[in-house]
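Just below is one structure, and these are the notes that go with it.
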Amino acid sequence: MLIKRTRGWELPERLVTPESVALGRRAAMAGGGAILAGTLAPSAARAQADADPTAKFYPARRNDTYGVPTPMTTEKLATTYNNFYEFGSHKNIWREAQKLPIRPWTIKIGGLVEKPIEISFDELIAKMPLEERVHRFRCVETWSMIVPWSGFPMKALVEFAKPLGSAKFVEMKTLSRPSIMPGQREFWYPWPYTDGLAIDEATHDLAFIATGLYGKPIPRQNGAPLRLVTPWKYGFKQVKSIVSIDFTDKRPVSFWEKLLPTEYGFWANVNPQVGHPRWSQATEKLLGSDARIPTLLYNGYAEWVAGLYEGRKSEKLFM
Ligand code: MTE
């Protein structure tokens with residue numbers, strides 16, 4: 001994001017899945033996960049799904065409350081064009097990310113809560129109401145995608161955590177493991193990757209914890225075993241591979257805000273009229289497409305989330 005900005009439209013031709021394959025994949029999804037896993041998934045993803053104890057939870061029931069935007073980005077693109085700086089500051093980290101150990105995986109919930117909790121991912125997911133949602137995703141770098149996440153509303157996790165009334169924010173952090181994450185040996189970054197939400201954002205029904213993608217457990221490069229999805233905010237808010245969730249009365253300072261406070265802030269809501277200091281946010285490039293399309297206020301989710309910011313007009317809501 002900061003060091004080298006490779007654009008979505010610079011994708012090599014070999015990564016672009018033909019439309020016929022993409023359509024076939026969508027048809028397979030509608031028909032059920034067994035067909036999907038059996039015929040169309042890349043073999044590596046299939047092996048991961050087979051070995052994963054949570055594979056049985058997918059595909060989850062589709063919730064279309066927030067619409068089902070189209071065209072769906074191909075699975076191949078969404079899982080091979082990634083930002084995961086722990087594995088390198090370029091988009092092609094998916095192979096390197098296979099080194100991420102996702103079992104056992106423990107999540108620590110603490111800070112301003114009734115009682116701190118440590119829970120394994122497999123135990124947590126079994127308690128959560130799983131569903132699938134197709135959302136737009138907009139990176140601050142101006143590429144975008146439309147993908148089917150599976151997981152649970154973050155508010156279910158907040159309820160499980162039982163925060164105290166004094167908790168105003170939630171801070172989430174990614175695993176710290178420099179021995180397997182080469183990026184974490186680059187000392188100028190403020191590791192671990194951290195970001196957060198205000199409590200009313202975290203308990204808004206649109207805030208989502210993704211544990212699956214394309215009807216299967218989420219791949220490592222996309223943030224296995226669990227990551228944040230806030231479709232109305234820029235992608236950098238959406239912390240991958242979460243190991244800690246802390247409730248606090250102080251606004252968390254995120255990874256990017258620590259690194260470049262003049263360019264990245266806390267709220268990071270998508271707004272085509274508020275440019276990044278170095279480039280415009282008016283349009284975006286959908287992965288796999290040649291055309292630029294207009295970016296939407298709150299990435300198209302204004303009718304549901306604009307109200308969250310009514311009393312916050314004096315804040316820098318769009319950086
Ligand atoms: N989470 C961690 N831990 N490390 C990262 O580098 N990158 C962020 C976000 N979450 C990042 C992260 C950015 S800048 C984006 S755009 C999205 O992840 C990319 O998500 P994707 O790779 O699933 O498309």
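Convention: chains lettered A, B, ... in structure tokens order; per-chain residue numbering from 1; ligands numbered from 1 as shown.
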
Surrounding residues as a list of chain:residue names, ligand 1, max 6 Å, only C-alpha atoms and all ligand atoms: A:Asn82, A:Asn83, A:Phe84, A:Tyr85, A:Glu86, A:Cys139, A:Thr174, A:Tyr193, A:Asn222, A:Gly235, A:Phe236, A:Gln238, A:Val239, A:Lys240

Grab the residues selected above and save them as an mmCIF file, in the first residue's frame with N, CA and C atoms.
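So out34.cif came out as:
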```
data_model
loop_
_atom_site.group_PDB
_atom_site.id
_atom_site.type_symbol
_atom_site.label_atom_id
_atom_site.label_comp_id
_atom_site.auth_asym_id
_atom_site.auth_seq_id
_atom_site.Cartn_x
_atom_site.Cartn_y
_atom_site.Cartn_z
ATOM 1 N N ASN A 82 -3.642 -10.058 -3.371
ATOM 2 C CA ASN A 82 -3.941 -9.763 -1.968
ATOM 3 C C ASN A 82 -3.007 -8.715 -1.370
ATOM 4 N N ASN A 83 -3.491 -8.101 -0.306
ATOM 5 C CA ASN A 83 -2.639 -7.289 0.564
ATOM 6 C C ASN A 83 -2.527 -8.021 1.886
ATOM 7 N N PHE A 84 -1.330 -8.439 2.222
ATOM 8 C CA PHE A 84 -1.083 -9.092 3.523
ATOM 9 C C PHE A 84 0.399 -8.844 3.784
ATOM 10 N N TYR A 85 0.678 -7.652 4.312
ATOM 11 C CA TYR A 85 2.064 -7.163 4.410
ATOM 12 C C TYR A 85 2.955 -8.060 5.253
ATOM 13 N N GLU A 86 2.382 -8.865 6.113
ATOM 14 C CA GLU A 86 3.189 -9.794 6.893
ATOM 15 C C GLU A 86 3.954 -10.750 5.974
ATOM 16 N N CYS A 139 -10.600 -1.192 -1.922
ATOM 17 C CA CYS A 139 -9.281 -0.897 -1.337
ATOM 18 C C CYS A 139 -8.984 0.585 -1.533
ATOM 19 N N THR A 174 -3.570 -8.831 14.498
ATOM 20 C CA THR A 174 -3.181 -10.023 13.728
ATOM 21 C C THR A 174 -2.080 -10.771 14.471
ATOM 22 N N TYR A 193 -0.167 -5.987 12.960
ATOM 23 C CA TYR A 193 -1.221 -5.274 12.234
ATOM 24 C C TYR A 193 -2.412 -5.087 13.173
ATOM 25 N N ASN A 222 -6.281 -14.635 2.505
ATOM 26 C CA ASN A 222 -7.383 -13.691 2.719
ATOM 27 C C ASN A 222 -7.682 -13.473 4.201
ATOM 28 N N GLY A 235 -10.450 -1.129 2.547
ATOM 29 C CA GLY A 235 -9.999 -2.485 2.887
ATOM 30 C C GLY A 235 -8.964 -2.551 3.989
ATOM 31 N N PHE A 236 -8.187 -1.490 4.195
ATOM 32 C CA PHE A 236 -7.110 -1.596 5.190
ATOM 33 C C PHE A 236 -7.624 -1.725 6.613
ATOM 34 N N GLN A 238 -9.712 -3.859 7.485
ATOM 35 C CA GLN A 238 -10.294 -5.197 7.637
ATOM 36 C C GLN A 238 -9.220 -6.222 8.025
ATOM 37 N N VAL A 239 -8.887 -6.158 9.315
ATOM 38 C CA VAL A 239 -7.770 -6.926 9.897
ATOM 39 C C VAL A 239 -7.907 -8.419 9.611
ATOM 40 N N LYS A 240 -6.793 -9.007 9.158
ATOM 41 C CA LYS A 240 -6.783 -10.450 8.864
ATOM 42 C C LYS A 240 -6.247 -11.252 10.048
#
```

Please, which residues of segment 96-175 of chain A, numbered as in this document, come out strand (DSSP E or B) from DSSP, as an MDAnalysis selection string? chainID A and resid 106:111 113 117:120 131:138 143:153 163 169:174

Which residues, written as a PyMOL selection string, have at least one atom at most 10 Å from Ile109 of chain A, with only C-alpha atoms counted and residues fewer than 5 positions away on the same chain left out? chain A and resi 115-119+157-158+160-163+171-172+243-247

Go ahead and save the residues from that selection, with N, CA and C atoms, as a PDB file, in the first residue's frame.
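Printed below is again-v1.pdb as written:
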```
ATOM      1  N   LYS A 115     -15.271 -10.547  31.863  1.00  0.00           N
ATOM      2  CA  LYS A 115     -14.257 -11.542  32.208  1.00  0.00           C
ATOM      3  C   LYS A 115     -13.438 -11.841  30.949  1.00  0.00           C
ATOM      4  N   PRO A 116     -12.098 -11.737  31.016  1.00  0.00           N
ATOM      5  CA  PRO A 116     -11.302 -12.053  29.813  1.00  0.00           C
ATOM      6  C   PRO A 116     -11.532 -13.509  29.401  1.00  0.00           C
ATOM      7  N   ILE A 117     -11.515 -13.749  28.093  1.00  0.00           N
ATOM      8  CA  ILE A 117     -11.787 -15.097  27.556  1.00  0.00           C
ATOM      9  C   ILE A 117     -10.641 -15.475  26.617  1.00  0.00           C
ATOM     10  N   GLU A 118     -10.246 -16.735  26.665  1.00  0.00           N
ATOM     11  CA  GLU A 118      -9.361 -17.289  25.624  1.00  0.00           C
ATOM     12  C   GLU A 118     -10.118 -18.440  25.018  1.00  0.00           C
ATOM     13  N   ILE A 119     -10.286 -18.434  23.714  1.00  0.00           N
ATOM     14  CA  ILE A 119     -11.119 -19.470  23.096  1.00  0.00           C
ATOM     15  C   ILE A 119     -10.483 -19.912  21.778  1.00  0.00           C
ATOM     16  N   LEU A 157     -20.255 -11.668  18.206  1.00  0.00           N
ATOM     17  CA  LEU A 157     -18.995 -11.823  18.938  1.00  0.00           C
ATOM     18  C   LEU A 157     -18.935 -10.833  20.105  1.00  0.00           C
ATOM     19  N   VAL A 158     -19.410  -9.605  19.856  1.00  0.00           N
ATOM     20  CA  VAL A 158     -19.415  -8.599  20.932  1.00  0.00           C
ATOM     21  C   VAL A 158     -20.326  -9.073  22.072  1.00  0.00           C
ATOM     22  N   PHE A 160     -21.024 -12.126  22.855  1.00  0.00           N
ATOM     23  CA  PHE A 160     -20.326 -13.231  23.504  1.00  0.00           C
ATOM     24  C   PHE A 160     -19.246 -12.694  24.451  1.00  0.00           C
ATOM     25  N   ALA A 161     -18.582 -11.586  24.053  1.00  0.00           N
ATOM     26  CA  ALA A 161     -17.467 -11.039  24.835  1.00  0.00           C
ATOM     27  C   ALA A 161     -17.934 -10.319  26.099  1.00  0.00           C
ATOM     28  N   LYS A 162     -19.186  -9.885  26.139  1.00  0.00           N
ATOM     29  CA  LYS A 162     -19.752  -9.142  27.274  1.00  0.00           C
ATOM     30  C   LYS A 162     -18.898  -7.936  27.697  1.00  0.00           C
ATOM     31  N   PRO A 163     -18.808  -6.919  26.826  1.00  0.00           N
ATOM     32  CA  PRO A 163     -18.045  -5.723  27.207  1.00  0.00           C
ATOM     33  C   PRO A 163     -18.750  -4.929  28.309  1.00  0.00           C
ATOM     34  N   GLU A 171     -10.514  -3.122  19.573  1.00  0.00           N
ATOM     35  CA  GLU A 171      -9.231  -3.160  18.856  1.00  0.00           C
ATOM     36  C   GLU A 171      -8.919  -4.611  18.503  1.00  0.00           C
ATOM     37  N   MET A 172      -8.537  -4.846  17.238  1.00  0.00           N
ATOM     38  CA  MET A 172      -8.226  -6.214  16.795  1.00  0.00           C
ATOM     39  C   MET A 172      -6.794  -6.278  16.282  1.00  0.00           C
ATOM     40  N   VAL A 243      -5.972 -12.500  16.323  1.00  0.00           N
ATOM     41  CA  VAL A 243      -5.677 -13.281  17.534  1.00  0.00           C
ATOM     42  C   VAL A 243      -6.117 -12.571  18.807  1.00  0.00           C
ATOM     43  N   SER A 244      -6.372 -11.256  18.731  1.00  0.00           N
ATOM     44  CA  SER A 244      -6.837 -10.599  19.955  1.00  0.00           C
ATOM     45  C   SER A 244      -7.890  -9.549  19.646  1.00  0.00           C
ATOM     46  N   ILE A 245      -8.828  -9.479  20.570  1.00  0.00           N
ATOM     47  CA  ILE A 245      -9.932  -8.523  20.459  1.00  0.00           C
ATOM     48  C   ILE A 245     -10.029  -7.849  21.823  1.00  0.00           C
ATOM     49  N   ASP A 246      -9.734  -6.546  21.862  1.00  0.00           N
ATOM     50  CA  ASP A 246      -9.736  -5.835  23.136  1.00  0.00           C
ATOM     51  C   ASP A 246     -10.735  -4.706  23.119  1.00  0.00           C
ATOM     52  N   PHE A 247     -11.487  -4.613  24.198  1.00  0.00           N
ATOM     53  CA  PHE A 247     -12.454  -3.522  24.347  1.00  0.00           C
ATOM     54  C   PHE A 247     -11.775  -2.428  25.152  1.00  0.00           C
TER      55      PHE A 247
END
```

So which residues touch Leu308 of chain A within 10 Å, counting only C-alpha atoms, skipping near sequence neighbours fewer than 6 positions away, as JSON, numbers by chain? {"A": [198, 200, 201, 204, 302]}

Need to verify the contact set: Lys316 of chain A, 10 Å, only C-alpha atoms, exclusion of same-chain residues closer than 6 positions in sequence. Can you return it as an mmCIF file with all heavy atoms, in the first residue's frame?
```
data_model
loop_
_atom_site.group_PDB
_atom_site.id
_atom_site.type_symbol
_atom_site.label_atom_id
_atom_site.label_comp_id
_atom_site.auth_asym_id
_atom_site.auth_seq_id
_atom_site.Cartn_x
_atom_site.Cartn_y
_atom_site.Cartn_z
ATOM 1 N N TYR A 264 -3.723 8.171 6.522
ATOM 2 C CA TYR A 264 -4.679 7.139 6.959
ATOM 3 C C TYR A 264 -5.170 7.458 8.364
ATOM 4 O O TYR A 264 -4.365 7.741 9.253
ATOM 5 C CB TYR A 264 -4.021 5.747 6.922
ATOM 6 C CG TYR A 264 -3.473 5.438 5.556
ATOM 7 C CD1 TYR A 264 -2.115 5.560 5.286
ATOM 8 C CD2 TYR A 264 -4.328 5.100 4.514
ATOM 9 C CE1 TYR A 264 -1.613 5.328 4.015
ATOM 10 C CE2 TYR A 264 -3.835 4.877 3.234
ATOM 11 C CZ TYR A 264 -2.478 4.990 2.989
ATOM 12 O OH TYR A 264 -1.998 4.776 1.727
ATOM 13 N N GLY A 265 -6.490 7.386 8.544
ATOM 14 C CA GLY A 265 -7.056 7.728 9.840
ATOM 15 C C GLY A 265 -7.813 6.558 10.436
ATOM 16 O O GLY A 265 -7.658 5.415 10.010
ATOM 17 N N PHE A 266 -8.658 6.857 11.405
ATOM 18 C CA PHE A 266 -9.384 5.803 12.113
ATOM 19 C C PHE A 266 -10.653 5.388 11.391
ATOM 20 O O PHE A 266 -10.975 4.214 11.294
ATOM 21 C CB PHE A 266 -9.725 6.273 13.528
ATOM 22 C CG PHE A 266 -10.561 5.279 14.289
ATOM 23 C CD1 PHE A 266 -9.989 4.117 14.791
ATOM 24 C CD2 PHE A 266 -11.930 5.485 14.470
ATOM 25 C CE1 PHE A 266 -10.755 3.175 15.468
ATOM 26 C CE2 PHE A 266 -12.701 4.547 15.153
ATOM 27 C CZ PHE A 266 -12.108 3.399 15.644
ATOM 28 N N TRP A 267 -11.402 6.360 10.832
ATOM 29 C CA TRP A 267 -12.749 6.014 10.347
ATOM 30 C C TRP A 267 -12.711 5.367 8.973
ATOM 31 O O TRP A 267 -13.393 4.372 8.747
ATOM 32 C CB TRP A 267 -13.656 7.264 10.347
ATOM 33 C CG TRP A 267 -13.782 7.847 11.713
ATOM 34 C CD1 TRP A 267 -13.124 8.939 12.206
ATOM 35 C CD2 TRP A 267 -14.573 7.338 12.798
ATOM 36 N NE1 TRP A 267 -13.465 9.133 13.525
ATOM 37 C CE2 TRP A 267 -14.359 8.174 13.909
ATOM 38 C CE3 TRP A 267 -15.457 6.264 12.948
ATOM 39 C CZ2 TRP A 267 -14.979 7.971 15.147
ATOM 40 C CZ3 TRP A 267 -16.086 6.053 14.169
ATOM 41 C CH2 TRP A 267 -15.847 6.903 15.240
ATOM 42 N N ALA A 268 -11.935 5.939 8.056
ATOM 43 C CA ALA A 268 -11.675 5.317 6.748
ATOM 44 C C ALA A 268 -12.931 4.859 6.001
ATOM 45 O O ALA A 268 -12.950 3.804 5.370
ATOM 46 C CB ALA A 268 -10.710 4.135 6.917
ATOM 47 N N ASN A 269 -13.996 5.672 6.066
ATOM 48 C CA ASN A 269 -15.198 5.348 5.293
ATOM 49 C C ASN A 269 -14.996 5.738 3.833
ATOM 50 O O ASN A 269 -14.378 6.763 3.530
ATOM 51 C CB ASN A 269 -16.396 6.114 5.860
ATOM 52 C CG ASN A 269 -16.701 5.693 7.280
ATOM 53 O OD1 ASN A 269 -16.845 4.503 7.566
ATOM 54 N ND2 ASN A 269 -16.767 6.660 8.190
#
```

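Of the residues in segment 83-307 of chain A, those that DSSP places in alpha helix (DSSP H) on the basis of the backbone are Phe121, Asp122, Glu123, Leu124, Ile125, Ala126, Lys127, Met154, Lys155, Ala156, Leu157, Val158, Glu159, Phe160, Ala161, Ile199, Asp200, Glu201, Ala202, Phe255, Trp256, Glu257, Lys258, Leu259, Ala302, Glu303, Trp304 and Val305 of chain A.
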
For the residues selected in the previous step, produce a file with C-alpha atoms as a PDB file, in the first residue's frame.
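again.pdb was written with the following content:
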```pdb
ATOM      1  CA  PHE A 121     -11.261 -20.723  16.780  1.00  0.00           C
ATOM      2  CA  ASP A 122     -13.050 -24.076  16.361  1.00  0.00           C
ATOM      3  CA  GLU A 123     -14.913 -23.576  19.634  1.00  0.00           C
ATOM      4  CA  LEU A 124     -15.839 -20.006  18.765  1.00  0.00           C
ATOM      5  CA  ILE A 125     -17.156 -20.703  15.273  1.00  0.00           C
ATOM      6  CA  ALA A 126     -19.383 -23.480  16.610  1.00  0.00           C
ATOM      7  CA  LYS A 127     -21.163 -20.902  18.797  1.00  0.00           C
ATOM      8  CA  MET A 154     -19.513  -9.031  14.623  1.00  0.00           C
ATOM      9  CA  LYS A 155     -22.276  -8.089  17.041  1.00  0.00           C
ATOM     10  CA  ALA A 156     -22.646 -11.800  17.916  1.00  0.00           C
ATOM     11  CA  LEU A 157     -18.995 -11.823  18.938  1.00  0.00           C
ATOM     12  CA  VAL A 158     -19.415  -8.599  20.932  1.00  0.00           C
ATOM     13  CA  GLU A 159     -22.383 -10.127  22.773  1.00  0.00           C
ATOM     14  CA  PHE A 160     -20.326 -13.231  23.504  1.00  0.00           C
ATOM     15  CA  ALA A 161     -17.467 -11.039  24.835  1.00  0.00           C
ATOM     16  CA  ILE A 199     -18.620   0.048  19.549  1.00  0.00           C
ATOM     17  CA  ASP A 200     -21.645   1.237  17.583  1.00  0.00           C
ATOM     18  CA  GLU A 201     -19.871   0.298  14.347  1.00  0.00           C
ATOM     19  CA  ALA A 202     -18.842  -3.093  15.703  1.00  0.00           C
ATOM     20  CA  PHE A 255      -1.168   0.098  11.752  1.00  0.00           C
ATOM     21  CA  TRP A 256      -1.473   2.540   8.842  1.00  0.00           C
ATOM     22  CA  GLU A 257      -2.334   5.510  11.032  1.00  0.00           C
ATOM     23  CA  LYS A 258       0.839   4.905  13.078  1.00  0.00           C
ATOM     24  CA  LEU A 259       2.891   4.696   9.910  1.00  0.00           C
ATOM     25  CA  ALA A 302     -24.914   4.559   2.865  1.00  0.00           C
ATOM     26  CA  GLU A 303     -28.574   3.731   3.499  1.00  0.00           C
ATOM     27  CA  TRP A 304     -27.538   1.407   6.296  1.00  0.00           C
ATOM     28  CA  VAL A 305     -24.495   3.087   7.833  1.00  0.00           C
TER      29      VAL A 305
END
```

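Straight-line separation from atom CA of Thr142 of chain A to atom CA of Leu77 of chain A: 15.7 Å.
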
Using only C-alpha atoms, which of the listed residues (A:Arg185, A:Gln221, A:Trp191, A:Arg138) sits closest to Tyr298 of chain A? A:Arg138

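Residue nearest Ala291 of chain A, chosen from A:Trp143, A:Ile93, A:Met128, A:Pro252 and counting only C-alpha atoms: A:Trp143.
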
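Considering only C-alpha atoms, the residue among A:Lys173, A:Lys216, A:Arg133, A:Lys76 positioned nearest to Gly288 of chain A is A:Lys76.
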
Which of these residues is nearest to Gln98 of chain A, using only C-alpha atoms: A:Gly223, A:Tyr214, A:Ile242, A:Asn299? A:Gly223

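Atom CA of Pro178 of chain A sits 11.7 Å away from atom CA of Lys99 of chain A.
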
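Between atom CA of Phe57 of chain A and atom CA of Pro71 of chain A lies a distance of 25.1 Å.
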